[in-house]
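Below is one structure, written out as C-alpha cells; the observations come after it.
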Amino acid sequence: NAPADVEAAAEADAALTACQASAKQTAAMLAGLGGRQGVAAKKDLEQLQSDVKGLQGKLDAAKAKLNERQQKLEVRKIVDESEEKLKAAEQSLTRAAEAEAPFLKEGDEALKTDQVTAAVEALAKAIQESSASVGAARTYITMKRVAVKRLSEAAASIGAESLGKLQERLESMHKRVQELKAGAHTRRCQASKKEAEAKIAALKALVKTAQEDTAELTKDGAGAPETEAMKVICKKAGDSQ
C-alpha cells in the first residue's frame, strides 16, 4: 500500500531525526566535560564519546537508507499518477476511435447522407477531447521525468525507465490522434461536398418542377393564370429557400 508505506517512512524519518539531535547534544555535552576530568575519568569520558560517535554513525547510515527508501516511494507515486493520466488518455482515444467507426462501414451499414454531418461533429468533439487528454498526460510525464533526475541515482534510474516506457506509449497515442484529426478533416470536407450536392440536386428538381408548372402559362396566347395554380407555384418556390 503506497500511502501507508509513505506514512510509515515519514514516521521513521521523524524518529531518526530526533535521535540524531539527541546524539548531537550528548556529544556536545561530553565534549564540554573533557577539560574538567582527571586521568581515569578522562578515559571513561573518551570511551563514552567513542560510543556516541558510533551511535551517530549508525543513525546516519539508517537515515541514508531511509532517504533512499523515501525517494523510491516518491518515484512509485509519480509512476502511479502518470499511469492514471495515461489510462485516462487511452480511454479518450478509444472513444475517438469509436466515433470514427461509423465512417469505416460499407454497404447497407454505411452512413446515410443525412447522418454524416452529425457523425462528423461527434467525431470532431471526441478527437478534441482525446487530444487534450493525451496532451495533458504528455506534459505531466515530461515534467516528472525532469523531477526524478534530481533524486538519488538508484531512484532516478527506476523513475527514468518507468516513465520512459509510459512516454513511448503516449507518443504512439499522440500519433494516432494526429491520424484521426487528418481523417476527420477529410471527412468534414466530404460531408460538406455531399451536403452541397444534395442541395443542388434538390434545387434542380425544383427548377424542373417549376418549369413544368409554368409551361402552360408561358405559351403564346395563354390567358391569365388561375389563382390557385399561381399559389402552388409560389409555395414551391418559398419551400426551396
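Ordering of the C-alpha cells sets the chain letters (A, B, ...), residue numbers begin anew at 1 in every chain, and ligands are numbered from 1 in the order given.
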
Just want the 10 Å neighbourhood of stretch 195-202 of chain A, counted on only C-alpha atoms, with same-chain residues fewer than 6 positions away dropped. Output as a PyMOL selection string. chain A and resi 113-114+116-117+189+208+240

I want to know what sits within 7 Å of stretch 97-107 of chain A, based on only C-alpha atoms, with residues of the same chain fewer than 5 positions away left out; could you give that as a ChimeraX atom specification? /A:122-123,126

Would you write out those residues with N, CA, C and O atoms, as a PDB file, in the first residue's frame?
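Contents of again-v7.pdb, as written:
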```
ATOM      1  N   ALA A 122     -19.684  14.655 -34.050  1.00  0.00           N
ATOM      2  CA  ALA A 122     -19.392  13.788 -32.905  1.00  0.00           C
ATOM      3  C   ALA A 122     -17.930  13.352 -32.929  1.00  0.00           C
ATOM      4  O   ALA A 122     -17.256  13.301 -31.885  1.00  0.00           O
ATOM      5  N   LEU A 123     -17.424  13.045 -34.110  1.00  0.00           N
ATOM      6  CA  LEU A 123     -16.030  12.641 -34.250  1.00  0.00           C
ATOM      7  C   LEU A 123     -15.087  13.787 -33.884  1.00  0.00           C
ATOM      8  O   LEU A 123     -14.103  13.598 -33.168  1.00  0.00           O
ATOM      9  N   ALA A 126     -14.968  14.195 -30.107  1.00  0.00           N
ATOM     10  CA  ALA A 126     -14.222  13.116 -29.454  1.00  0.00           C
ATOM     11  C   ALA A 126     -12.725  13.285 -29.669  1.00  0.00           C
ATOM     12  O   ALA A 126     -11.922  13.054 -28.755  1.00  0.00           O
TER      13      ALA A 126
END
```

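Straight-line separation from atom CA of A:Gln25 to atom CA of A:Ala64: 20.4 Å.
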
Polymer residues at most 12 Å from A:Ala21, only C-alpha atoms, same-chain spacing of 5 or more positions, as an mmCIF file with N, CA, C and O atoms, in the first residue's frame:
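New file out_7.cif:
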```
data_model
loop_
_atom_site.group_PDB
_atom_site.id
_atom_site.type_symbol
_atom_site.label_atom_id
_atom_site.label_comp_id
_atom_site.auth_asym_id
_atom_site.auth_seq_id
_atom_site.Cartn_x
_atom_site.Cartn_y
_atom_site.Cartn_z
ATOM 1 N N ALA A 14 11.055 10.934 11.085
ATOM 2 C CA ALA A 14 10.914 11.859 12.214
ATOM 3 C C ALA A 14 11.623 11.301 13.452
ATOM 4 O O ALA A 14 12.298 12.034 14.195
ATOM 5 N N ALA A 15 11.485 9.980 13.670
ATOM 6 C CA ALA A 15 12.116 9.352 14.832
ATOM 7 C C ALA A 15 13.639 9.389 14.710
ATOM 8 O O ALA A 15 14.347 9.701 15.691
ATOM 9 N N LEU A 16 14.153 9.116 13.532
ATOM 10 C CA LEU A 16 15.602 9.148 13.324
ATOM 11 C C LEU A 16 16.162 10.555 13.501
ATOM 12 O O LEU A 16 17.242 10.756 14.066
ATOM 13 N N THR A 26 24.270 15.084 23.097
ATOM 14 C CA THR A 26 25.074 14.296 24.039
ATOM 15 C C THR A 26 26.563 14.450 23.739
ATOM 16 O O THR A 26 27.391 14.590 24.645
ATOM 17 N N ALA A 27 26.903 14.416 22.448
ATOM 18 C CA ALA A 27 28.300 14.579 22.055
ATOM 19 C C ALA A 27 28.819 15.935 22.475
ATOM 20 O O ALA A 27 29.966 16.074 22.949
ATOM 21 N N ALA A 28 28.009 16.957 22.322
ATOM 22 C CA ALA A 28 28.417 18.308 22.713
ATOM 23 C C ALA A 28 28.612 18.396 24.221
ATOM 24 O O ALA A 28 29.551 19.044 24.713
ATOM 25 N N VAL A 52 29.224 7.273 21.593
ATOM 26 C CA VAL A 52 28.265 8.205 20.992
ATOM 27 C C VAL A 52 28.556 8.388 19.510
ATOM 28 O O VAL A 52 27.649 8.418 18.669
ATOM 29 N N LEU A 55 27.260 5.474 17.657
ATOM 30 C CA LEU A 55 25.797 5.555 17.519
ATOM 31 C C LEU A 55 25.399 6.561 16.440
ATOM 32 O O LEU A 55 24.460 6.322 15.677
ATOM 33 N N GLN A 56 26.130 7.664 16.406
ATOM 34 C CA GLN A 56 25.834 8.668 15.379
ATOM 35 C C GLN A 56 26.054 8.097 13.977
ATOM 36 O O GLN A 56 25.286 8.364 13.060
ATOM 37 N N LEU A 59 23.151 5.901 13.141
ATOM 38 C CA LEU A 59 21.970 6.725 12.845
ATOM 39 C C LEU A 59 22.072 7.344 11.451
ATOM 40 O O LEU A 59 21.088 7.388 10.709
ATOM 41 N N ASP A 60 23.264 7.817 11.110
ATOM 42 C CA ASP A 60 23.470 8.422 9.786
ATOM 43 C C ASP A 60 23.241 7.381 8.685
ATOM 44 O O ASP A 60 22.635 7.692 7.647
#
```

A straight line from atom CA of A:Lys77 to atom CA of A:Glu171 spans 21.8 Å

What's around A:Lys175 at 12 Å? Count only C-alpha atoms, leave out sequence neighbours fewer than 3 positions away in its own chain, and write the answer as a list in words. Leu93, Ser130, Ser131, Val134, Gly135, Glu168, Arg169, Leu170, Glu171, Ser172, Gln178, Glu179, Leu180, Lys181 and Ala182 of chain A

Residues from last step as file, N, CA and C atoms, as a PDB file, in the first residue's frame:
```pdb
ATOM      1  N   LEU A  93      -9.005   8.195 -26.208  1.00  0.00           N
ATOM      2  CA  LEU A  93      -8.634   7.788 -27.559  1.00  0.00           C
ATOM      3  C   LEU A  93      -9.542   6.669 -28.049  1.00  0.00           C
ATOM      4  N   SER A 130      -9.816  13.856 -26.857  1.00  0.00           N
ATOM      5  CA  SER A 130      -8.680  12.932 -26.817  1.00  0.00           C
ATOM      6  C   SER A 130      -7.352  13.686 -26.938  1.00  0.00           C
ATOM      7  N   SER A 131      -7.317  14.660 -27.809  1.00  0.00           N
ATOM      8  CA  SER A 131      -6.110  15.455 -27.997  1.00  0.00           C
ATOM      9  C   SER A 131      -5.730  16.178 -26.711  1.00  0.00           C
ATOM     10  N   VAL A 134      -4.474  13.469 -24.090  1.00  0.00           N
ATOM     11  CA  VAL A 134      -3.137  12.979 -24.427  1.00  0.00           C
ATOM     12  C   VAL A 134      -2.103  14.075 -24.201  1.00  0.00           C
ATOM     13  N   GLY A 135      -2.438  15.301 -24.568  1.00  0.00           N
ATOM     14  CA  GLY A 135      -1.524  16.422 -24.369  1.00  0.00           C
ATOM     15  C   GLY A 135      -1.224  16.666 -22.903  1.00  0.00           C
ATOM     16  N   GLU A 168       6.776   6.449 -24.303  1.00  0.00           N
ATOM     17  CA  GLU A 168       6.701   5.777 -25.601  1.00  0.00           C
ATOM     18  C   GLU A 168       5.254   5.457 -25.967  1.00  0.00           C
ATOM     19  N   ARG A 169       4.498   4.983 -25.005  1.00  0.00           N
ATOM     20  CA  ARG A 169       3.082   4.681 -25.259  1.00  0.00           C
ATOM     21  C   ARG A 169       2.311   5.953 -25.607  1.00  0.00           C
ATOM     22  N   LEU A 170       2.641   7.041 -24.916  1.00  0.00           N
ATOM     23  CA  LEU A 170       1.961   8.309 -25.183  1.00  0.00           C
ATOM     24  C   LEU A 170       2.288   8.846 -26.571  1.00  0.00           C
ATOM     25  N   GLU A 171       3.528   8.686 -26.988  1.00  0.00           N
ATOM     26  CA  GLU A 171       3.907   9.171 -28.318  1.00  0.00           C
ATOM     27  C   GLU A 171       3.145   8.410 -29.395  1.00  0.00           C
ATOM     28  N   SER A 172       2.938   7.133 -29.175  1.00  0.00           N
ATOM     29  CA  SER A 172       2.155   6.323 -30.114  1.00  0.00           C
ATOM     30  C   SER A 172       0.709   6.807 -30.143  1.00  0.00           C
ATOM     31  N   GLN A 178      -3.235  12.388 -34.224  1.00  0.00           N
ATOM     32  CA  GLN A 178      -2.970  13.188 -35.417  1.00  0.00           C
ATOM     33  C   GLN A 178      -3.573  12.536 -36.660  1.00  0.00           C
ATOM     34  N   GLU A 179      -3.537  11.217 -36.717  1.00  0.00           N
ATOM     35  CA  GLU A 179      -4.145  10.499 -37.839  1.00  0.00           C
ATOM     36  C   GLU A 179      -5.665  10.688 -37.840  1.00  0.00           C
ATOM     37  N   LEU A 180      -6.255  10.632 -36.664  1.00  0.00           N
ATOM     38  CA  LEU A 180      -7.702  10.836 -36.553  1.00  0.00           C
ATOM     39  C   LEU A 180      -8.082  12.255 -36.976  1.00  0.00           C
ATOM     40  N   LYS A 181      -7.258  13.225 -36.585  1.00  0.00           N
ATOM     41  CA  LYS A 181      -7.526  14.616 -36.965  1.00  0.00           C
ATOM     42  C   LYS A 181      -7.508  14.773 -38.483  1.00  0.00           C
ATOM     43  N   ALA A 182      -6.499  14.193 -39.115  1.00  0.00           N
ATOM     44  CA  ALA A 182      -6.380  14.290 -40.573  1.00  0.00           C
ATOM     45  C   ALA A 182      -7.576  13.628 -41.245  1.00  0.00           C
TER      46      ALA A 182
END
```

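A straight line drawn from atom CA of A:Val120 to atom CA of A:Glu90 is 21.0 Å long.
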
DSSP-assigned alpha helix (DSSP H) among stretch 80-132 of chain A, expressed as a short mmCIF file (atom, residue, chain, number, x, y, z; two decimals) with all heavy atoms, in the first residue's frame:
```cif
data_model
loop_
_atom_site.label_atom_id
_atom_site.label_comp_id
_atom_site.auth_asym_id
_atom_site.auth_seq_id
_atom_site.Cartn_x
_atom_site.Cartn_y
_atom_site.Cartn_z
N ASP A 80 2.73 5.89 -10.57
CA ASP A 80 1.30 5.54 -10.43
C ASP A 80 0.41 6.66 -10.96
O ASP A 80 -0.58 6.41 -11.66
CB ASP A 80 0.96 5.27 -8.96
CG ASP A 80 1.53 3.94 -8.47
OD1 ASP A 80 1.93 3.12 -9.32
OD2 ASP A 80 1.57 3.73 -7.23
N GLU A 81 0.75 7.89 -10.61
CA GLU A 81 -0.05 9.03 -11.07
C GLU A 81 0.06 9.19 -12.59
O GLU A 81 -0.92 9.53 -13.26
CB GLU A 81 0.42 10.31 -10.38
CG GLU A 81 0.08 10.34 -8.89
CD GLU A 81 0.66 11.55 -8.17
OE1 GLU A 81 1.51 12.24 -8.78
OE2 GLU A 81 0.27 11.80 -7.02
N SER A 82 1.24 8.92 -13.12
CA SER A 82 1.44 9.01 -14.57
C SER A 82 0.62 7.95 -15.29
O SER A 82 0.06 8.20 -16.36
CB SER A 82 2.93 8.85 -14.90
OG SER A 82 3.69 9.88 -14.33
N GLU A 83 0.56 6.77 -14.71
CA GLU A 83 -0.23 5.70 -15.31
C GLU A 83 -1.72 6.04 -15.32
O GLU A 83 -2.44 5.67 -16.26
CB GLU A 83 0.02 4.38 -14.57
CG GLU A 83 1.40 3.79 -14.85
CD GLU A 83 1.65 2.50 -14.09
OE1 GLU A 83 0.94 2.26 -13.08
OE2 GLU A 83 2.54 1.73 -14.49
N GLU A 84 -2.17 6.73 -14.29
CA GLU A 84 -3.57 7.17 -14.26
C GLU A 84 -3.85 8.17 -15.37
O GLU A 84 -4.89 8.12 -16.02
CB GLU A 84 -3.88 7.79 -12.89
CG GLU A 84 -4.00 6.79 -11.75
CD GLU A 84 -5.13 5.81 -11.98
OE1 GLU A 84 -6.23 6.23 -12.38
OE2 GLU A 84 -4.93 4.60 -11.75
N LYS A 85 -2.92 9.08 -15.58
CA LYS A 85 -3.05 10.06 -16.67
C LYS A 85 -3.09 9.33 -18.02
O LYS A 85 -3.88 9.66 -18.91
CB LYS A 85 -1.88 11.04 -16.66
CG LYS A 85 -1.73 11.85 -15.39
CD LYS A 85 -2.56 13.08 -15.42
CE LYS A 85 -2.29 13.96 -14.20
NZ LYS A 85 -3.23 15.11 -14.12
N LEU A 86 -2.23 8.34 -18.14
CA LEU A 86 -2.15 7.57 -19.38
C LEU A 86 -3.44 6.80 -19.61
O LEU A 86 -3.95 6.73 -20.74
CB LEU A 86 -0.96 6.62 -19.31
CG LEU A 86 -0.68 5.84 -20.60
CD1 LEU A 86 0.07 6.75 -21.57
CD2 LEU A 86 0.14 4.61 -20.32
N LYS A 87 -3.97 6.22 -18.55
CA LYS A 87 -5.21 5.45 -18.65
C LYS A 87 -6.36 6.34 -19.13
O LYS A 87 -7.17 5.95 -19.98
CB LYS A 87 -5.56 4.83 -17.29
CG LYS A 87 -6.79 3.95 -17.31
CD LYS A 87 -7.04 3.35 -15.93
CE LYS A 87 -8.30 2.48 -15.93
NZ LYS A 87 -8.54 1.89 -14.58
N ALA A 88 -6.44 7.55 -18.57
CA ALA A 88 -7.49 8.49 -18.99
C ALA A 88 -7.32 8.86 -20.46
O ALA A 88 -8.31 8.97 -21.20
CB ALA A 88 -7.43 9.75 -18.12
N ALA A 89 -6.08 9.04 -20.89
CA ALA A 89 -5.81 9.37 -22.29
C ALA A 89 -6.21 8.20 -23.20
O ALA A 89 -6.77 8.40 -24.28
CB ALA A 89 -4.33 9.71 -22.48
N GLU A 90 -5.92 6.98 -22.77
CA GLU A 90 -6.27 5.80 -23.56
C GLU A 90 -7.79 5.68 -23.71
O GLU A 90 -8.30 5.34 -24.78
CB GLU A 90 -5.72 4.54 -22.90
CG GLU A 90 -4.22 4.38 -23.05
CD GLU A 90 -3.67 3.18 -22.32
OE1 GLU A 90 -4.27 2.78 -21.30
OE2 GLU A 90 -2.64 2.64 -22.75
N GLN A 91 -8.51 5.97 -22.64
CA GLN A 91 -9.96 5.89 -22.69
C GLN A 91 -10.54 6.93 -23.65
O GLN A 91 -11.48 6.65 -24.40
CB GLN A 91 -10.54 6.08 -21.28
CG GLN A 91 -10.24 4.92 -20.34
CD GLN A 91 -10.67 5.18 -18.91
OE1 GLN A 91 -10.89 6.33 -18.51
NE2 GLN A 91 -10.78 4.13 -18.12
N SER A 92 -9.98 8.14 -23.62
CA SER A 92 -10.46 9.19 -24.52
C SER A 92 -10.14 8.84 -25.98
O SER A 92 -10.93 9.11 -26.88
CB SER A 92 -9.83 10.54 -24.16
OG SER A 92 -8.44 10.55 -24.45
N LEU A 93 -9.01 8.20 -26.21
CA LEU A 93 -8.63 7.79 -27.56
C LEU A 93 -9.54 6.67 -28.05
O LEU A 93 -9.91 6.63 -29.23
CB LEU A 93 -7.18 7.33 -27.58
CG LEU A 93 -6.60 6.99 -28.97
CD1 LEU A 93 -6.74 8.18 -29.91
CD2 LEU A 93 -5.15 6.58 -28.84
N THR A 94 -9.93 5.79 -27.15
CA THR A 94 -10.87 4.72 -27.51
C THR A 94 -12.21 5.30 -27.94
O THR A 94 -12.82 4.85 -28.92
CB THR A 94 -11.08 3.77 -26.31
OG1 THR A 94 -9.84 3.12 -26.00
CG2 THR A 94 -12.12 2.71 -26.63
N ARG A 95 -12.67 6.33 -27.22
CA ARG A 95 -13.94 6.98 -27.58
C ARG A 95 -13.82 7.64 -28.96
O ARG A 95 -14.79 7.63 -29.75
CB ARG A 95 -14.33 8.00 -26.51
CG ARG A 95 -14.77 7.37 -25.20
CD ARG A 95 -15.42 8.39 -24.28
NE ARG A 95 -14.47 9.38 -23.80
CZ ARG A 95 -13.74 9.25 -22.69
NH1 ARG A 95 -13.85 8.14 -21.97
NH2 ARG A 95 -12.91 10.20 -22.30
N ALA A 96 -12.68 8.23 -29.25
CA ALA A 96 -12.48 8.85 -30.56
C ALA A 96 -12.49 7.80 -31.67
O ALA A 96 -13.07 8.01 -32.74
CB ALA A 96 -11.16 9.62 -30.58
N ALA A 97 -11.87 6.65 -31.40
CA ALA A 97 -11.87 5.57 -32.38
C ALA A 97 -13.28 5.03 -32.62
O ALA A 97 -13.66 4.69 -33.74
CB ALA A 97 -10.94 4.45 -31.91
N GLU A 98 -14.06 4.98 -31.55
CA GLU A 98 -15.45 4.53 -31.67
C GLU A 98 -16.27 5.52 -32.49
O GLU A 98 -17.16 5.12 -33.25
CB GLU A 98 -16.06 4.36 -30.28
CG GLU A 98 -15.47 3.18 -29.50
CD GLU A 98 -15.96 3.13 -28.05
OE1 GLU A 98 -16.57 4.14 -27.61
OE2 GLU A 98 -15.72 2.12 -27.38
N ALA A 99 -15.95 6.81 -32.36
CA ALA A 99 -16.67 7.83 -33.13
C ALA A 99 -16.30 7.75 -34.61
O ALA A 99 -17.08 8.15 -35.48
CB ALA A 99 -16.34 9.22 -32.58
N GLU A 100 -15.10 7.23 -34.89
CA GLU A 100 -14.66 7.10 -36.27
C GLU A 100 -15.27 5.85 -36.93
O GLU A 100 -15.42 5.80 -38.16
CB GLU A 100 -13.14 7.01 -36.32
CG GLU A 100 -12.58 6.92 -37.74
CD GLU A 100 -11.13 6.53 -37.78
OE1 GLU A 100 -10.73 5.66 -36.98
OE2 GLU A 100 -10.39 7.08 -38.61
N THR A 113 -26.58 9.91 -46.12
CA THR A 113 -26.20 11.32 -46.32
C THR A 113 -26.67 12.21 -45.18
O THR A 113 -25.93 13.09 -44.71
CB THR A 113 -26.79 11.84 -47.64
OG1 THR A 113 -26.31 11.03 -48.72
CG2 THR A 113 -26.37 13.28 -47.88
N ASP A 114 -27.88 11.98 -44.69
CA ASP A 114 -28.42 12.82 -43.63
C ASP A 114 -27.82 12.50 -42.25
O ASP A 114 -28.10 13.18 -41.27
CB ASP A 114 -29.95 12.70 -43.57
CG ASP A 114 -30.41 11.26 -43.32
OD1 ASP A 114 -29.56 10.35 -43.43
OD2 ASP A 114 -31.59 11.07 -43.02
N GLN A 115 -26.99 11.44 -42.16
CA GLN A 115 -26.35 11.07 -40.89
C GLN A 115 -24.90 11.55 -40.80
O GLN A 115 -24.34 11.61 -39.72
CB GLN A 115 -26.37 9.54 -40.73
CG GLN A 115 -27.76 8.92 -40.67
CD GLN A 115 -27.69 7.41 -40.63
OE1 GLN A 115 -26.89 6.80 -41.34
NE2 GLN A 115 -28.52 6.79 -39.80
N VAL A 116 -24.35 11.89 -41.94
CA VAL A 116 -22.92 12.21 -42.00
C VAL A 116 -22.55 13.44 -41.18
O VAL A 116 -21.58 13.43 -40.41
CB VAL A 116 -22.46 12.41 -43.46
CG1 VAL A 116 -21.02 12.91 -43.50
CG2 VAL A 116 -22.59 11.10 -44.22
N THR A 117 -23.31 14.52 -41.30
CA THR A 117 -22.96 15.77 -40.62
C THR A 117 -22.90 15.59 -39.11
O THR A 117 -21.94 16.02 -38.46
CB THR A 117 -23.99 16.87 -40.96
OG1 THR A 117 -23.98 17.09 -42.38
CG2 THR A 117 -23.64 18.16 -40.24
N ALA A 118 -23.91 14.93 -38.55
CA ALA A 118 -23.93 14.70 -37.10
C ALA A 118 -22.76 13.81 -36.68
O ALA A 118 -22.13 14.03 -35.63
CB ALA A 118 -25.25 14.06 -36.68
N ALA A 119 -22.45 12.80 -37.50
CA ALA A 119 -21.35 11.89 -37.19
C ALA A 119 -20.01 12.61 -37.23
O ALA A 119 -19.12 12.36 -36.40
CB ALA A 119 -21.35 10.71 -38.16
N VAL A 120 -19.86 13.53 -38.18
CA VAL A 120 -18.63 14.30 -38.29
C VAL A 120 -18.44 15.18 -37.05
O VAL A 120 -17.34 15.30 -36.51
CB VAL A 120 -18.63 15.17 -39.56
CG1 VAL A 120 -17.52 16.21 -39.51
CG2 VAL A 120 -18.46 14.29 -40.79
N GLU A 121 -19.52 15.80 -36.60
CA GLU A 121 -19.45 16.66 -35.42
C GLU A 121 -19.10 15.85 -34.18
O GLU A 121 -18.30 16.28 -33.33
CB GLU A 121 -20.78 17.38 -35.20
CG GLU A 121 -21.13 18.38 -36.29
CD GLU A 121 -20.08 19.48 -36.43
OE1 GLU A 121 -19.50 19.87 -35.41
OE2 GLU A 121 -19.83 19.92 -37.57
N ALA A 122 -19.68 14.65 -34.05
CA ALA A 122 -19.39 13.79 -32.91
C ALA A 122 -17.93 13.35 -32.93
O ALA A 122 -17.26 13.30 -31.89
CB ALA A 122 -20.31 12.57 -32.93
N LEU A 123 -17.42 13.04 -34.11
CA LEU A 123 -16.03 12.64 -34.25
C LEU A 123 -15.09 13.79 -33.88
O LEU A 123 -14.10 13.60 -33.17
CB LEU A 123 -15.76 12.18 -35.68
CG LEU A 123 -14.30 11.82 -36.02
CD1 LEU A 123 -13.80 10.72 -35.11
CD2 LEU A 123 -14.18 11.42 -37.49
N ALA A 124 -15.40 14.98 -34.36
CA ALA A 124 -14.55 16.15 -34.07
C ALA A 124 -14.48 16.41 -32.57
O ALA A 124 -13.41 16.71 -32.02
CB ALA A 124 -15.10 17.37 -34.80
N LYS A 125 -15.61 16.29 -31.89
CA LYS A 125 -15.65 16.51 -30.44
C LYS A 125 -14.82 15.46 -29.71
O LYS A 125 -14.05 15.80 -28.80
CB LYS A 125 -17.10 16.47 -29.95
CG LYS A 125 -17.23 16.71 -28.45
CD LYS A 125 -18.68 16.67 -28.01
CE LYS A 125 -18.80 16.88 -26.50
NZ LYS A 125 -20.20 16.81 -26.04
N ALA A 126 -14.97 14.19 -30.11
CA ALA A 126 -14.22 13.12 -29.45
C ALA A 126 -12.73 13.28 -29.67
O ALA A 126 -11.92 13.05 -28.76
CB ALA A 126 -14.69 11.76 -30.01
N ILE A 127 -12.33 13.71 -30.86
CA ILE A 127 -10.91 13.90 -31.16
C ILE A 127 -10.35 15.07 -30.35
O ILE A 127 -9.22 15.01 -29.84
CB ILE A 127 -10.69 14.15 -32.66
CG1 ILE A 127 -10.99 12.87 -33.45
CG2 ILE A 127 -9.28 14.63 -32.95
CD1 ILE A 127 -10.94 13.05 -34.95
N GLN A 128 -11.12 16.12 -30.22
CA GLN A 128 -10.69 17.28 -29.44
C GLN A 128 -10.44 16.89 -27.98
O GLN A 128 -9.43 17.27 -27.38
CB GLN A 128 -11.74 18.40 -29.51
CG GLN A 128 -11.33 19.66 -28.77
CD GLN A 128 -12.39 20.75 -28.87
OE1 GLN A 128 -13.55 20.48 -29.14
NE2 GLN A 128 -11.98 21.98 -28.66
N GLU A 129 -11.35 16.11 -27.40
CA GLU A 129 -11.20 15.66 -26.02
C GLU A 129 -9.99 14.73 -25.88
O GLU A 129 -9.23 14.82 -24.91
CB GLU A 129 -12.47 14.94 -25.57
CG GLU A 129 -13.68 15.87 -25.46
CD GLU A 129 -14.96 15.12 -25.15
OE1 GLU A 129 -14.93 13.87 -25.17
OE2 GLU A 129 -15.98 15.78 -24.86
N SER A 130 -9.82 13.86 -26.86
CA SER A 130 -8.68 12.93 -26.82
C SER A 130 -7.35 13.69 -26.94
O SER A 130 -6.39 13.39 -26.22
CB SER A 130 -8.80 11.91 -27.95
OG SER A 130 -7.71 11.02 -27.95
N SER A 131 -7.32 14.66 -27.81
CA SER A 131 -6.11 15.45 -28.00
C SER A 131 -5.73 16.18 -26.71
O SER A 131 -4.55 16.24 -26.33
CB SER A 131 -6.32 16.47 -29.13
OG SER A 131 -5.17 17.26 -29.31
N ALA A 132 -6.73 16.72 -26.02
CA ALA A 132 -6.48 17.44 -24.77
C ALA A 132 -5.97 16.48 -23.69
O ALA A 132 -5.04 16.81 -22.95
CB ALA A 132 -7.76 18.13 -24.31
#
```

Contact residues around A:Ile141 with only C-alpha atoms at 9 Å, ignoring same-chain residues under 6 positions, as a CSV table (one decimal) with all heavy atoms, in the first residue's frame:
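Output (part_14.csv):
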```
chain,number,residue,atom,x,y,z
A,78,ILE,N,4.9,8.9,-8.4
A,78,ILE,CA,4.9,9.6,-9.6
A,78,ILE,C,4.5,8.7,-10.8
A,78,ILE,O,3.7,9.0,-11.6
A,78,ILE,CB,6.3,10.2,-9.9
A,78,ILE,CG1,6.6,11.3,-9.0
A,78,ILE,CG2,6.5,10.6,-11.4
A,78,ILE,CD1,8.0,11.8,-9.0
A,79,VAL,N,5.0,7.4,-10.8
A,79,VAL,CA,4.7,6.5,-11.8
A,79,VAL,C,3.2,6.1,-11.8
A,79,VAL,O,2.6,6.0,-12.8
A,79,VAL,CB,5.6,5.2,-11.7
A,79,VAL,CG1,5.1,4.1,-12.7
A,79,VAL,CG2,7.1,5.6,-12.0
A,82,SER,N,1.2,8.9,-13.1
A,82,SER,CA,1.4,9.0,-14.6
A,82,SER,C,0.6,7.9,-15.3
A,82,SER,O,0.1,8.2,-16.4
A,82,SER,CB,2.9,8.8,-14.9
A,82,SER,OG,3.7,9.9,-14.3
A,85,LYS,N,-2.9,9.1,-15.6
A,85,LYS,CA,-3.1,10.1,-16.7
A,85,LYS,C,-3.1,9.3,-18.0
A,85,LYS,O,-3.9,9.7,-18.9
A,85,LYS,CB,-1.9,11.0,-16.7
A,85,LYS,CG,-1.7,11.9,-15.4
A,85,LYS,CD,-2.6,13.1,-15.4
A,85,LYS,CE,-2.3,14.0,-14.2
A,85,LYS,NZ,-3.2,15.1,-14.1
A,163,LEU,N,9.1,5.9,-16.5
A,163,LEU,CA,8.4,7.0,-17.2
A,163,LEU,C,8.8,7.0,-18.7
A,163,LEU,O,8.0,7.4,-19.5
A,163,LEU,CB,8.9,8.3,-16.6
A,163,LEU,CG,8.4,8.6,-15.2
A,163,LEU,CD1,9.0,9.9,-14.6
A,163,LEU,CD2,6.9,8.6,-15.1
A,164,GLY,N,10.0,6.5,-19.0
A,164,GLY,CA,10.3,6.4,-20.5
A,164,GLY,C,9.4,5.4,-21.2
A,164,GLY,O,9.0,5.7,-22.4
A,166,LEU,N,6.3,4.8,-20.4
A,166,LEU,CA,5.0,5.4,-20.5
A,166,LEU,C,5.0,6.5,-21.6
A,166,LEU,O,4.0,6.7,-22.3
A,166,LEU,CB,4.6,6.1,-19.1
A,166,LEU,CG,4.4,5.1,-18.0
A,166,LEU,CD1,4.0,5.9,-16.7
A,166,LEU,CD2,3.3,4.1,-18.3
A,167,GLN,N,6.2,7.2,-21.7
A,167,GLN,CA,6.3,8.2,-22.7
A,167,GLN,C,6.2,7.6,-24.1
A,167,GLN,O,5.6,8.2,-25.0
A,167,GLN,CB,7.7,8.9,-22.6
A,167,GLN,CG,7.8,10.1,-23.5
A,167,GLN,CD,7.1,11.4,-22.9
A,167,GLN,OE1,7.3,11.7,-21.8
A,167,GLN,NE2,6.4,12.0,-23.8
```
